[in-house]
Every structure is written in structure tokens, then in C-alpha cells.
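*Asks:* Just so it is clear, I am handing over query_23.cif, which has mmCIF, C-alpha atoms and all ligand atoms.
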```cif
data_start
#
loop_
_atom_site.label_atom_id
_atom_site.label_comp_id
_atom_site.auth_asym_id
_atom_site.auth_seq_id
_atom_site.Cartn_x
_atom_site.Cartn_y
_atom_site.Cartn_z
CA MET D 177 70.81 56.42 -32.66
CA THR D 178 73.19 55.20 -29.95
CA THR D 179 75.80 57.72 -28.88
CA LEU D 180 79.28 56.25 -28.52
CA VAL D 181 81.15 57.08 -25.31
CA LYS D 182 84.86 57.58 -24.83
CA ILE D 183 86.28 57.85 -21.33
CA CYS D 184 89.72 59.42 -21.51
CA GLY D 185 92.70 59.81 -19.20
CA LEU D 186 92.38 56.37 -17.60
CA SER D 187 95.43 55.09 -15.76
CA THR D 188 94.40 52.07 -13.65
CA PRO D 189 93.07 48.61 -14.58
CA GLU D 190 90.11 49.15 -12.22
CA THR D 191 88.88 52.36 -13.81
CA ILE D 192 89.38 50.97 -17.32
CA ALA D 193 87.32 47.91 -16.37
CA ALA D 194 84.65 50.22 -14.93
CA ALA D 195 84.49 52.17 -18.21
CA VAL D 196 84.22 49.01 -20.34
CA GLN D 197 81.65 47.53 -17.96
CA ALA D 198 79.57 50.71 -18.09
CA GLY D 199 79.45 50.47 -21.89
CA ALA D 200 82.15 52.88 -23.06
CA ALA D 201 83.13 52.02 -26.65
CA TYR D 202 86.52 53.71 -26.28
CA VAL D 203 89.01 54.07 -23.44
CA GLY D 204 91.68 56.76 -23.71
CA LEU D 205 95.27 56.63 -22.51
CA VAL D 206 97.00 60.03 -22.40
CA HIS D 207 100.67 59.98 -23.37
CA PHE D 208 101.63 63.61 -22.76
CA PRO D 209 104.02 64.27 -19.86
CA LYS D 210 102.53 67.67 -18.96
CA SER D 211 99.14 66.08 -18.23
CA PRO D 212 98.14 64.83 -14.75
CA ARG D 213 96.78 61.81 -16.66
CA HIS D 214 100.04 60.95 -18.41
CA VAL D 215 100.95 57.27 -18.66
CA SER D 216 104.32 56.06 -19.90
CA VAL D 217 104.51 53.80 -22.96
CA ALA D 218 105.31 50.81 -20.73
CA LYS D 219 102.36 51.49 -18.44
CA ALA D 220 100.00 52.06 -21.37
CA ALA D 221 101.12 48.73 -22.86
CA MET D 222 100.47 47.00 -19.54
CA LEU D 223 96.97 48.52 -19.29
CA ARG D 224 96.25 47.59 -22.91
CA ARG D 225 97.37 43.97 -22.45
CA ASP D 226 94.54 43.06 -20.10
CA LEU D 227 91.79 44.44 -22.31
CA PRO D 228 89.51 42.51 -24.65
CA GLU D 229 89.90 43.24 -28.40
CA SER D 230 86.42 44.80 -28.33
CA ALA D 231 87.63 47.66 -26.13
CA GLY D 232 88.63 50.53 -28.40
CA VAL D 233 91.95 51.72 -27.01
CA VAL D 234 92.70 55.33 -27.94
CA LEU D 235 96.24 56.63 -27.53
CA LEU D 236 96.16 60.42 -27.04
CA VAL D 237 99.27 62.35 -28.11
CA VAL D 238 100.16 66.01 -28.56
CA ASP D 239 102.54 66.96 -31.40
CA PRO D 240 104.61 63.79 -30.98
CA GLU D 241 108.07 63.29 -32.48
CA PRO D 242 107.70 60.78 -35.37
CA TYR D 243 110.10 58.27 -33.83
CA ALA D 244 108.45 58.41 -30.40
CA LEU D 245 105.00 58.01 -31.94
CA ALA D 246 106.08 55.00 -34.00
CA GLU D 247 107.54 53.36 -30.91
CA ALA D 248 104.44 54.07 -28.80
CA ILE D 249 102.13 52.60 -31.45
CA ARG D 250 104.34 49.53 -31.87
CA VAL D 251 104.55 48.83 -28.12
CA ILE D 252 101.00 49.76 -27.08
CA GLY D 253 99.01 48.61 -30.14
CA PRO D 254 96.09 51.07 -29.90
CA ARG D 255 93.10 50.91 -32.21
CA VAL D 256 93.02 54.71 -32.51
CA VAL D 257 95.57 57.52 -32.24
CA GLN D 258 94.00 60.82 -31.13
CA PHE D 259 96.06 63.87 -32.09
CA HIS D 260 95.40 66.75 -29.70
CA GLY D 261 98.01 69.33 -30.75
CA SER D 262 98.66 71.24 -33.97
CA GLU D 263 99.29 68.21 -36.18
CA PRO D 264 98.60 68.89 -39.89
CA PRO D 265 96.46 66.49 -41.98
CA ALA D 266 99.58 64.91 -43.54
CA VAL D 267 100.70 63.59 -40.13
CA LEU D 268 97.36 61.85 -39.65
CA ALA D 269 97.32 60.42 -43.17
CA ARG D 270 100.87 59.10 -42.78
CA THR D 271 100.14 57.55 -39.37
CA ARG D 272 97.07 55.78 -40.72
CA SER D 273 98.83 54.36 -43.76
CA GLU D 274 102.04 53.35 -41.93
CA PHE D 275 100.47 51.74 -38.87
CA GLY D 276 96.94 50.79 -39.93
CA VAL D 277 95.38 52.62 -36.98
CA GLU D 278 92.37 54.92 -36.97
CA VAL D 279 93.37 58.56 -36.61
CA TRP D 280 91.31 61.22 -34.83
CA LYS D 281 91.97 64.97 -34.72
CA ALA D 282 90.88 67.26 -31.88
CA LEU D 283 90.03 70.83 -32.87
CA GLY D 284 89.40 73.68 -30.42
CA VAL D 285 86.13 75.53 -31.09
CA LYS D 286 86.19 79.19 -30.09
CA ASP D 287 83.56 80.46 -32.52
CA ALA D 288 81.68 79.48 -35.69
CA ALA D 289 84.72 80.25 -37.86
CA ALA D 290 86.70 77.63 -35.93
CA LEU D 291 84.61 74.91 -37.60
CA ASP D 292 86.28 75.83 -40.90
CA LYS D 293 89.45 74.28 -39.47
CA ALA D 294 87.79 70.90 -40.03
CA ALA D 295 87.86 71.12 -43.85
CA PRO D 296 91.54 70.20 -44.43
CA TYR D 297 91.13 67.06 -42.30
CA HIS D 298 88.29 65.51 -44.31
CA GLY D 299 89.81 62.42 -45.91
CA ALA D 300 92.83 62.46 -43.59
CA ALA D 301 91.07 61.95 -40.23
CA ASP D 302 88.73 59.10 -39.36
CA ARG D 303 87.02 61.27 -36.75
CA LEU D 304 87.11 64.91 -35.66
CA LEU D 305 86.73 65.76 -31.99
CA PHE D 306 85.35 69.22 -31.31
CA ASP D 307 86.72 70.41 -27.97
CA ALA D 308 87.03 73.69 -26.05
CA PRO D 309 90.02 75.79 -27.13
CA ALA D 310 93.34 74.97 -25.45
CA SER D 311 93.98 76.77 -22.15
CA ALA D 312 96.19 75.40 -19.33
CA LEU D 313 96.57 72.18 -21.34
CA PRO D 314 95.78 71.49 -25.01
CA GLY D 315 92.75 69.57 -23.68
CA GLY D 316 91.52 67.94 -20.51
CA ASN D 317 90.74 71.27 -18.83
CA GLY D 318 87.12 70.48 -17.99
CA GLU D 319 85.96 73.52 -19.97
CA ALA D 320 82.95 73.45 -22.29
CA PHE D 321 82.38 75.60 -25.38
CA ASP D 322 79.13 76.89 -26.85
CA TRP D 323 77.44 73.70 -28.07
CA ASN D 324 75.03 75.77 -30.17
CA LEU D 325 77.90 76.24 -32.62
CA LEU D 326 77.52 72.58 -33.61
CA ARG D 327 73.74 72.61 -34.03
CA LEU D 328 73.96 72.91 -37.81
CA TYR D 329 77.29 71.15 -38.31
CA ARG D 330 77.05 68.56 -41.13
CA GLY D 331 80.62 67.64 -42.11
CA PRO D 332 81.44 64.47 -44.06
CA THR D 333 83.83 63.06 -41.41
CA PRO D 334 82.47 61.24 -38.32
CA TRP D 335 82.86 63.47 -35.29
CA GLY D 336 82.60 63.68 -31.53
CA LEU D 337 82.04 66.24 -28.81
CA ALA D 338 84.51 66.87 -25.96
CA GLY D 339 85.22 69.54 -23.40
CA GLY D 340 83.70 69.90 -19.96
CA LEU D 341 81.22 67.03 -20.35
CA THR D 342 79.89 65.58 -17.08
CA PRO D 343 77.20 63.11 -16.00
CA ALA D 344 74.97 66.14 -15.34
CA ASN D 345 75.29 67.87 -18.73
CA VAL D 346 76.03 65.13 -21.28
CA ALA D 347 72.39 64.33 -22.11
CA GLU D 348 71.69 68.00 -22.86
CA ALA D 349 74.88 68.24 -24.94
CA ILE D 350 73.76 65.27 -27.05
CA ARG D 351 70.25 66.67 -27.41
CA LEU D 352 71.54 70.03 -28.62
CA THR D 353 74.28 68.86 -30.97
CA GLY D 354 73.28 65.34 -32.05
CA ALA D 355 76.88 64.27 -31.34
CA PRO D 356 77.49 60.66 -32.45
CA LEU D 357 80.27 60.31 -29.85
CA VAL D 358 80.92 62.04 -26.51
CA ASP D 359 84.30 62.15 -24.81
CA THR D 360 85.06 63.07 -21.21
CA SER D 361 88.02 63.16 -18.87
CA SER D 362 87.78 65.78 -16.06
CA GLY D 363 84.03 65.28 -15.71
CA VAL D 364 84.45 61.76 -14.33
CA GLU D 365 87.25 62.56 -11.88
CA ARG D 366 87.54 63.18 -8.14
CA SER D 367 90.59 65.35 -8.69
CA PRO D 368 92.88 65.87 -11.72
CA GLY D 369 94.03 62.45 -12.89
CA ILE D 370 92.00 60.46 -10.34
CA LYS D 371 89.00 58.82 -11.97
CA ASP D 372 85.77 58.09 -10.07
CA MET D 373 84.10 54.79 -11.01
CA ASP D 374 80.61 55.97 -9.95
CA LYS D 375 80.94 59.05 -12.15
CA ILE D 376 82.11 56.90 -15.08
CA ALA D 377 79.01 54.70 -14.72
CA ALA D 378 76.74 57.75 -14.32
CA PHE D 379 78.23 59.38 -17.43
CA CYS D 380 77.71 56.29 -19.59
CA LYS D 381 74.14 55.93 -18.32
CA ALA D 382 73.32 59.60 -18.95
CA ALA D 383 74.75 59.40 -22.49
CA ARG D 384 72.31 56.57 -23.25
CA LEU D 385 69.18 58.47 -22.09
O1 LIG Z 1 93.21 64.78 -20.49
C1 LIG Z 1 94.27 65.41 -20.63
O2 LIG Z 1 95.03 65.60 -19.69
C2 LIG Z 1 94.62 65.96 -21.97
C3 LIG Z 1 95.88 66.50 -22.15
C4 LIG Z 1 96.25 67.01 -23.38
C5 LIG Z 1 95.35 67.00 -24.43
C6 LIG Z 1 94.07 66.48 -24.26
C7 LIG Z 1 93.68 65.95 -23.05
N1 LIG Z 1 92.42 65.44 -22.82
C8 LIG Z 1 91.34 65.45 -23.76
O3 LIG Z 1 90.69 66.69 -23.79
C9 LIG Z 1 89.30 66.51 -24.08
C10 LIG Z 1 88.42 67.22 -23.08
O4 LIG Z 1 88.70 66.87 -21.78
P1 LIG Z 1 87.79 67.30 -20.52
O5 LIG Z 1 86.64 66.35 -20.48
O6 LIG Z 1 87.36 68.70 -20.75
O7 LIG Z 1 88.66 67.15 -19.34
C11 LIG Z 1 89.10 65.03 -24.14
O8 LIG Z 1 89.24 64.59 -25.47
C12 LIG Z 1 90.24 64.49 -23.37
O9 LIG Z 1 90.49 63.23 -23.82
#
```
Take the structure in the file and give it back as C-alpha cells.
*Replies:*
Amino acid sequence: MTTLVKICGLSTPETIAAAVQAGAAYVGLVHFPKSPRHVSVAKAAMLRRDLPESAGVVLLVVDPEPYALAEAIRVIGPRVVQFHGSEPPAVLARTRSEFGVEVWKALGVKDAAALDKAAPYHGAADRLLFDAPASALPGGNGEAFDWNLLRLYRGPTPWGLAGGLTPANVAEAIRLTGAPLVDTSSGVERSPGIKDMDKIAAFCKAARL
């Protein structure tokens, strides 16, 4: 089965084009001012404008104010909104029904019990993203968690793996977990917020092996 790839934290037309060209199904725009990858709503809309419909634009937010989220969705027009904070299932369900977007929920995985946090989101989220627990930032820290925890995971909601994935470890991560989607940000950067086109291509290639 083909593993879908999401490259997140993109902020230039060149690196977005590199991700699409390399076969990424999703490109992520981070709208969270504390992140080195933050893009304003206006910049995200500009980046989105030049993309073909086939590119799955994911708008990443962290505990957004309802008004600000509505405005961002209206102006940017993403296919997916990825919630990366402490948003409850009702926020996802409301966002999906009001705006007709897909909604994804990131969950930090510290131990096996952390997977129980997925249960309330079945039915509300279109995809769950299992990531390392929050540290300096709620995500995007380049830290992996113990992938063995997902070996036996069989939830009803489509899911993806994130956290510390790189061109060097993504094939092993897929082999161990069977993840249907892999998501990376730090692992394809030269420095925080600066994407590397060669690493993006290498990541997409490794995820296909
Ligand atoms: O990328 C960020 O700056 C970010 C900020 C706040 C929440 C999430 C963020 N990124 C997402 O975190 C995971 C893992 O990232 P990494 O590969 O470990 O750097 C991924 O979903 C990013 O999209």
C-alpha cells in the first residue's frame, strides 16, 4: 500500500513546489506565531493561490480562537485543518460541518495509555496524527517517540505518524508501524523554519521504498 506523505511547515513557493514535485500528497502551512515556521493568513493565502487543486493544503493551528480560525479558513481555503493543541472533539466536528474541510487531530504519544486519547475523536476527526509529546513547541520539535507503541494500533479513524521523521528513518518507521501517512517538518530542514529541497525529495523517495 502506498504511504501518503505530508511535508509541513513550508513557507516559500519553491519548497512547496519541490514537495508537490517529489510526490507529497499534502503540504502543511503552520499558522502559529510561536513557531519558526509561522506564516500569516495573507502569506498562506498567497502560497495557496499558486497551487493546483490536487495539492492537499493543510492549515496547521494550535487552539485557535473561533473567529480567527473562521477567517483563516475563509481567506486561505485549505483542504484540511490540522489541530495541534488541546482542541476537544466538538471543535473538530463543528469546523468540519461549518466549513466543509477535513479535520485532523494531532495527539502526543508518551506511552501506550496515550493511545486511549484517540477514542473520543473517532467520528469527529477525519485523521489522527500520532506525534511525540509537546515539548518546546506543541509539535515541530524534531523528536520521535517509541514507534513500537503503534505496532498493534487498529483504530477505526485513518491515521498518520509524525515526530522526528527524517529521510534516514522514515522507511523503518513505516515498516514498524504500517503508518498510512507520514508527516515531517524538522527532518527536511537546514535550520528551524528553513526547508531543504534535497531533503524533501529524499524523504518522499524513502517513504515510497
Ligand atoms: O512545525 C511546527 O513549528 C509546529 C508548531 C506547532 C505545532 C505543530 C508543529 N509541527 C508539526 O509537528 C509534527 C512533527 O514535527 P517534526 O517533524 O517533529 O518537526 C508535524 O505534524 C508538524 O507538522
*Asks:* Hey, which residues come within 9 Å of ligand LIG 1 (chain Z) if we count all atoms listed in the file? Could you give them as a ChimeraX atom specification?
*Replies:* /D:182-186,204-214,236-238,258-261,282,305-308,310,313-320,337-342,358-365,368-369
*Asks:* What is the distance, in Å and to one decimal place, between atom CA of Met222 of chain D and atom CA of Gly336 of chain D?
*Replies:*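 Computed distance, atom CA of Met222 of chain D to atom CA of Gly336 of chain D, equals 27.2 Å.
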*Asks:* Give as a ChimeraX atom specification each residue that has an atom at most 12 Å from (72.2, 57.5, -21.9) in the file, counting only C-alpha atoms.
*Replies:* /D:177-181,198-200,343-351,357-358,377-385
*Asks:* Restricting the calculation to all atoms listed in the file: of D:Lys286, D:Lys281, D:Arg330, D:Arg255, which residue gets closest to Leu227 of chain D?
*Replies:*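 Once distances to Leu227 of chain D are computed over all atoms listed in the file, the minimum belongs to D:Arg255.
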*Asks:* Which of these residues is nearest to Val251 of chain D, using all atoms listed in the file: D:Asn324, D:Ser216, D:Ser230, D:Thr271?
*Replies:*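 Of D:Asn324, D:Ser216, D:Ser230, D:Thr271, the one nearest Val251 of chain D, counting all atoms listed in the file, is D:Ser216.
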*Asks:* Atom CA of Arg366 of chain D to atom CA of Trp280 of chain D: how many Å, to one decimal?
*Replies:*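 Straight-line distance from atom CA of Arg366 of chain D to atom CA of Trp280 of chain D works out to 27.0 Å.
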*Asks:* One decimal, in Å: what's the spacing between atom CA of Val267 of chain D and atom CA of Lys219 of chain D?
*Replies:*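 So the two atoms, atom CA of Val267 of chain D and atom CA of Lys219 of chain D, lie 24.9 Å apart.
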*Asks:* Taking into account only C-alpha atoms, which residue in the set D:Pro242, D:Ser262, D:Pro309, D:Phe321 is nearest to Tyr297 of chain D?
*Replies:*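 That would be D:Ser262, the residue with the smallest distance to Tyr297 of chain D.
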*Asks:* Please identify all polymer residues lying at most 12 Å from the point (89.6, 42.8, -23.5) (file coordinates), using only C-alpha atoms, and present the result as a VMD selection string.
*Replies:* chain D and resid 189 192 to 193 195 to 197 201 to 203 223 to 233
*Asks:* Please determine, counting only C-alpha atoms, which residue among D:Leu268, D:Leu325, D:Ile376, D:Ala312 has the shortest atom-to-atom distance to Gly354 of chain D.
*Replies:* D:Leu325
*Asks:* Name the closest residue to Val277 of chain D among the candidates D:His298, D:Lys371, D:Arg250, D:Lys293; distances are taken between atoms, counting all atoms listed in the file.
*Replies:*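 Closest residue, counting all atoms listed in the file: D:Arg250.
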*Asks:* Name the residues in contact with Val256 of chain D at a cut-off of 6 Å, using all atoms listed in the file, excluding same-chain residues fewer than 5 positions from it; report them as an MDAnalysis selection string.
*Replies:* chainID D and resid 234 277:279
*Asks:* Using all atoms listed in the file, find the one residue out of D:Val217, D:Ala289, D:Met373, D:Leu283 that sits nearest to Trp335 of chain D.
*Replies:*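 With all atoms listed in the file as the atom set, the closest residue is D:Leu283.
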